[in-house]
file upload_14.txt (compact mmCIF, C-alpha atoms)
# COMPACT_ATOMS: atom_id res chain seq x y z
CA MET A 1 -23.03 17.76 1.07
CA PRO A 2 -19.43 16.52 0.64
CA ALA A 3 -17.17 18.75 -1.42
CA THR A 4 -16.48 16.53 -4.44
CA LYS A 5 -16.10 17.28 -8.12
CA SER A 6 -19.20 15.22 -8.94
CA ASN A 7 -21.27 17.15 -6.38
CA LEU A 8 -19.90 20.43 -7.71
CA LEU A 9 -20.86 19.46 -11.26
CA ARG A 10 -24.36 18.52 -10.12
CA LEU A 11 -24.77 21.80 -8.26
CA LYS A 12 -23.65 23.79 -11.31
CA GLU A 13 -26.20 21.94 -13.46
CA GLU A 14 -28.95 22.66 -10.92
CA LEU A 15 -27.90 26.32 -10.82
CA ALA A 16 -28.09 26.49 -14.63
CA LEU A 17 -31.57 24.93 -14.52
CA ALA A 18 -32.67 27.44 -11.88
CA ARG A 19 -31.42 30.32 -14.03
CA ASP A 20 -33.21 28.92 -17.08
CA GLY A 21 -36.37 28.52 -15.01
CA LEU A 22 -36.09 32.11 -13.84
CA GLU A 23 -35.74 33.32 -17.42
CA LEU A 24 -38.79 31.33 -18.53
CA LEU A 25 -40.83 32.64 -15.60
CA ASP A 26 -39.83 36.20 -16.51
CA GLN A 27 -41.07 35.59 -20.05
CA LYS A 28 -44.30 34.08 -18.71
CA LYS A 29 -44.76 37.10 -16.43
CA GLU A 30 -44.47 39.50 -19.37
CA ILE A 31 -46.96 37.50 -21.46
CA LEU A 32 -49.44 37.33 -18.57
CA ILE A 33 -49.19 41.07 -17.92
CA SER A 34 -49.70 41.78 -21.63
CA GLN A 35 -52.78 39.54 -21.80
CA ILE A 36 -54.23 40.95 -18.57
CA ASN A 37 -53.88 44.49 -19.92
CA LEU A 38 -55.46 43.47 -23.21
CA LEU A 39 -58.44 41.69 -21.63
CA ALA A 40 -58.92 44.39 -19.00
CA SER A 41 -58.99 47.07 -21.70
CA LYS A 42 -61.57 45.08 -23.66
CA ALA A 43 -63.60 44.52 -20.49
CA ASP A 44 -63.67 48.25 -19.79
CA TYR A 45 -65.00 48.92 -23.28
CA VAL A 46 -67.61 46.14 -23.13
CA ARG A 47 -68.67 47.23 -19.62
CA GLU A 48 -69.37 50.70 -21.00
CA GLN A 49 -71.51 49.15 -23.73
CA VAL A 50 -73.45 47.11 -21.18
CA ASN A 51 -74.02 50.17 -19.01
CA GLU A 52 -75.22 52.21 -21.98
CA VAL A 53 -77.74 49.57 -23.00
CA LEU A 54 -78.98 49.08 -19.44
CA VAL A 55 -79.34 52.84 -18.88
CA LEU A 56 -81.46 52.91 -22.03
CA ALA A 57 -83.47 49.90 -20.88
CA TYR A 58 -84.19 51.49 -17.48
CA ALA A 59 -85.22 54.73 -19.18
CA HIS A 60 -87.72 52.80 -21.31
CA LEU A 61 -88.84 50.87 -18.22
CA ASP A 62 -89.54 54.10 -16.32
CA GLU A 63 -91.52 55.33 -19.30
CA ALA A 64 -93.48 52.08 -19.46
CA ILE A 65 -94.31 52.29 -15.75
CA LEU A 66 -95.57 55.85 -16.22
CA ASP A 67 -97.70 54.80 -19.20
CA LEU A 68 -99.04 51.46 -17.94
CA GLY A 69 -98.50 51.40 -14.19
CA GLN A 70 -96.30 49.20 -12.02
CA ALA A 71 -98.73 46.27 -11.88
CA GLU A 72 -99.19 46.06 -15.67
CA VAL A 73 -95.45 46.17 -16.31
CA GLU A 74 -94.77 43.46 -13.71
CA ALA A 75 -97.50 41.28 -15.20
CA ALA A 76 -96.06 41.70 -18.69
CA GLY A 77 -92.57 40.88 -17.37
CA LEU A 78 -93.76 37.51 -16.05
CA GLY A 79 -94.27 36.31 -19.62
CA LEU A 80 -90.81 37.26 -20.88
CA ARG A 81 -88.46 34.50 -22.09
CA ALA A 82 -85.20 35.37 -23.84
CA GLY A 83 -84.75 31.81 -25.12
CA GLU A 84 -80.98 32.17 -25.07
CA ASP A 85 -78.66 29.20 -25.57
CA VAL A 86 -75.40 29.64 -23.63
CA GLY A 87 -72.37 27.43 -24.23
CA ILE A 88 -68.96 27.61 -22.56
CA LYS A 89 -65.78 26.38 -24.23
CA GLU A 90 -62.21 26.71 -23.00
CA ARG A 91 -58.81 27.76 -24.26
CA SER A 92 -55.44 27.55 -22.59
CA LEU A 93 -52.93 30.39 -22.25
CA MET A 94 -49.65 29.69 -20.44
CA GLY A 95 -51.38 26.86 -18.59
CA VAL A 96 -54.35 29.04 -17.59
CA ILE A 97 -57.81 27.83 -18.64
CA LEU A 98 -59.80 30.75 -20.03
CA PRO A 99 -63.53 30.56 -20.80
CA LEU A 100 -65.05 31.18 -24.20
CA VAL A 101 -68.70 32.09 -23.73
CA GLU A 102 -71.00 31.61 -26.70
CA ILE A 103 -74.58 32.82 -26.56
CA GLU A 104 -77.19 32.36 -29.26
CA LEU A 105 -80.26 34.51 -29.09
CA PRO A 106 -83.37 33.78 -31.14
CA PRO A 107 -85.08 36.67 -32.93
CA HIS A 108 -86.77 38.85 -30.32
CA ARG A 109 -90.47 38.12 -29.93
CA PRO A 110 -92.40 39.59 -27.00
CA GLY A 111 -93.59 36.93 -24.58
CA TYR A 112 -96.63 38.94 -23.61
CA GLY A 113 -99.80 39.95 -25.35
CA LEU A 114 -99.82 43.17 -27.32
CA PHE A 115 -103.00 44.38 -25.64
CA GLY A 116 -102.27 46.66 -22.72
CA THR A 117 -98.62 47.22 -23.55
CA GLY A 118 -96.95 49.97 -25.51
CA LYS A 119 -93.82 51.08 -27.30
CA ALA A 120 -91.92 51.78 -24.09
CA MET A 121 -92.42 48.19 -22.89
CA ASP A 122 -91.32 46.80 -26.25
CA ALA A 123 -88.24 49.07 -26.23
CA THR A 124 -87.36 47.93 -22.69
CA VAL A 125 -87.46 44.27 -23.63
CA GLU A 126 -85.53 44.86 -26.86
CA ALA A 127 -82.75 46.73 -25.00
CA ILE A 128 -82.39 43.97 -22.40
CA HIS A 129 -82.43 41.34 -25.15
CA ARG A 130 -79.55 43.13 -26.92
CA ALA A 131 -77.63 43.48 -23.64
CA LEU A 132 -77.49 39.71 -23.02
CA GLU A 133 -74.86 39.03 -25.68
CA THR A 134 -72.69 41.88 -24.45
CA MET A 135 -73.06 40.66 -20.86
CA ALA A 136 -71.85 37.21 -21.91
CA GLU A 137 -68.76 38.75 -23.48
CA LEU A 138 -68.14 40.83 -20.36
CA ALA A 139 -68.40 37.75 -18.13
CA GLU A 140 -65.88 35.93 -20.34
CA LEU A 141 -63.41 38.82 -20.13
CA GLU A 142 -63.77 39.38 -16.39
CA VAL A 143 -63.34 35.70 -15.55
CA GLY A 144 -60.32 35.59 -17.87
CA VAL A 145 -58.71 38.58 -16.15
CA LYS A 146 -59.36 37.07 -12.70
CA ARG A 147 -57.73 33.75 -13.64
CA LEU A 148 -54.75 35.41 -15.31
CA MET A 149 -54.24 37.63 -12.26
CA ALA A 150 -54.22 34.55 -10.01
CA GLU A 151 -51.62 32.89 -12.26
CA LEU A 152 -49.53 36.08 -12.34
CA LYS A 153 -49.53 36.17 -8.54
CA LYS A 154 -48.24 32.57 -8.39
CA THR A 155 -45.64 33.30 -11.08
CA LEU A 156 -44.34 36.35 -9.19
CA LYS A 157 -44.00 34.24 -6.02
CA ARG A 158 -41.96 31.65 -7.93
CA ILE A 159 -39.78 34.36 -9.49
CA ASN A 160 -39.18 35.90 -6.08
CA ALA A 161 -38.26 32.52 -4.58
CA LEU A 162 -35.81 31.70 -7.39
CA GLU A 163 -34.33 35.18 -7.58
CA HIS A 164 -33.87 35.81 -3.86
CA ILE A 165 -33.58 32.35 -2.30
CA TYR A 166 -32.71 29.42 -4.58
CA VAL A 167 -30.32 31.01 -7.10
CA PRO A 168 -28.30 32.91 -4.43
CA SER A 169 -28.20 29.76 -2.30
CA TYR A 170 -26.90 27.66 -5.22
CA ARG A 171 -24.32 30.33 -6.07
CA ALA A 172 -23.07 30.48 -2.49
CA THR A 173 -22.90 26.68 -2.24
CA VAL A 174 -21.05 26.37 -5.55
CA LYS A 175 -18.58 29.07 -4.56
CA ALA A 176 -17.95 27.48 -1.15
CA MET A 177 -17.47 24.03 -2.71
CA GLU A 178 -15.09 25.42 -5.36
CA GLU A 179 -13.02 27.09 -2.65
CA THR A 180 -12.96 23.88 -0.61
CA LEU A 181 -11.86 21.81 -3.60
CA GLU A 182 -9.20 24.37 -4.52
CA GLU A 183 -7.89 24.23 -0.94
CA LYS A 184 -7.81 20.44 -1.07
CA GLU A 185 -5.88 20.55 -4.35
CA ARG A 186 -3.36 22.98 -2.87
CA GLU A 187 -2.92 20.73 0.15
CA ALA A 188 -2.49 17.66 -2.05
CA LEU A 189 0.04 19.49 -4.20
CA PHE A 190 1.93 20.66 -1.12
CA GLN A 191 2.00 17.12 0.29
CA LEU A 192 3.24 15.78 -3.04
CA LYS A 193 6.06 18.33 -3.11
CA CYS A 194 7.03 17.38 0.45
CA MET A 195 7.12 13.71 -0.50
CA ARG A 196 9.31 14.49 -3.51
CA ARG A 197 11.77 16.38 -1.33
CA LYS A 198 11.92 13.50 1.17
CA MET A 199 12.24 10.80 -1.51
CA PRO A 200 13.90 12.46 -4.52
CA GLY A 201 15.08 9.23 -6.11
CA ARG A 202 11.64 7.71 -6.45
CA PHE A 203 10.13 10.79 -8.21
CA SER A 204 13.04 11.71 -10.49

call {"tool": "encode", "arguments": {"input": "upload_14.txt", "output": "structure tokens"}}
result
Amino acid sequence: MPATKSNLLRLKEELALARDGLELLDQKKEILISQINLLASKADYVREQVNEVLVLAYAHLDEAILDLGQAEVEAAGLGLRAGEDVGIKERSLMGVILPLVEIELPPHRPGYGLFGTGKAMDATVEAIHRALETMAELAELEVGVKRLMAELKKTLKRINALEHIYVPSYRATVKAMEETLEEKEREALFQLKCMRRKMPGRFS
């Protein structure tokens, strides 16, 4: 690129834009990290709730198998229908599309006949029914964390490129062009002084 004042001005503007972009990316990075920590913390809590409910459900299931036998429990399970209605909406955060999972569960009604089943079977189904809503929330949080992490990775790559490649390159180019222009100005001034000494009458 020729060392001209117009090119120097353009380079300085591009350097300023690169610095502004780096600042914005730093802000985006901080927001992403904050949101990832928030969602991950919520996901840990909800995961514990899911595990607690499922542990309870399996305990009831073991009890039902002891009371009724494996075959009876499996037969009763064939008639189970949660009847859930799952909807997925979206929201945007820093350009990242995050899911909003909505699940509607009808009042729990056993899908099997009462004859031949017992309290343990009813408790098993009720625990699993309650776990569905919590599982939907957990899925929403985990997908959100995964997408935010992917965006954070891309943002860090852009920050690294600007910070260690583009901004230093612009600075070096601007500095070199400034030095070249200053040298040209000194040469022009020196030539002008020489011309004045040779032709004093025309410049007096």

call {"tool": "closest_residue", "arguments": {"input": "upload_14.txt", "among": "A:Val145, A:Val167, A:Met121, A:Met195", "to": "Gln70 of chain A", "atoms": "all atoms listed in the file"}}
result
A:Met121

call {"tool": "residues_around", "arguments": {"input": "upload_14.txt", "residues": "segment 25-37 of chain A", "least_positions_apart": "4", "cutoff": "7 Å", "atoms": "only C-alpha atoms", "output": "ChimeraX atom specification"}}
result
/A:21,41,145,148,152,155,159

call {"tool": "residues_near_point", "arguments": {"input": "upload_14.txt", "point": "(-74.6, 38.2, -23.0)", "cutoff": "10 Å", "atoms": "all atoms listed in the file", "output": "list in words"}}
result
Val50, Glu84, Val86, Val101, Glu102, Ile103, Glu104, Leu105, Ile128, His129, Arg130, Ala131, Leu132, Glu133, Thr134, Met135, Ala136, Glu137, Leu138, Ala139 and Glu140 of chain A

call {"tool": "closest_residue", "arguments": {"input": "upload_14.txt", "among": "A:Met149, A:Leu162, A:Leu66, A:Ala57", "to": "Thr124 of chain A", "atoms": "all atoms listed in the file"}}
result
A:Ala57

call {"tool": "closest_residue", "arguments": {"input": "upload_14.txt", "among": "A:Pro168, A:Pro99, A:Pro2, A:Gly144", "to": "Gly87 of chain A", "atoms": "all atoms listed in the file"}}
result
A:Pro99
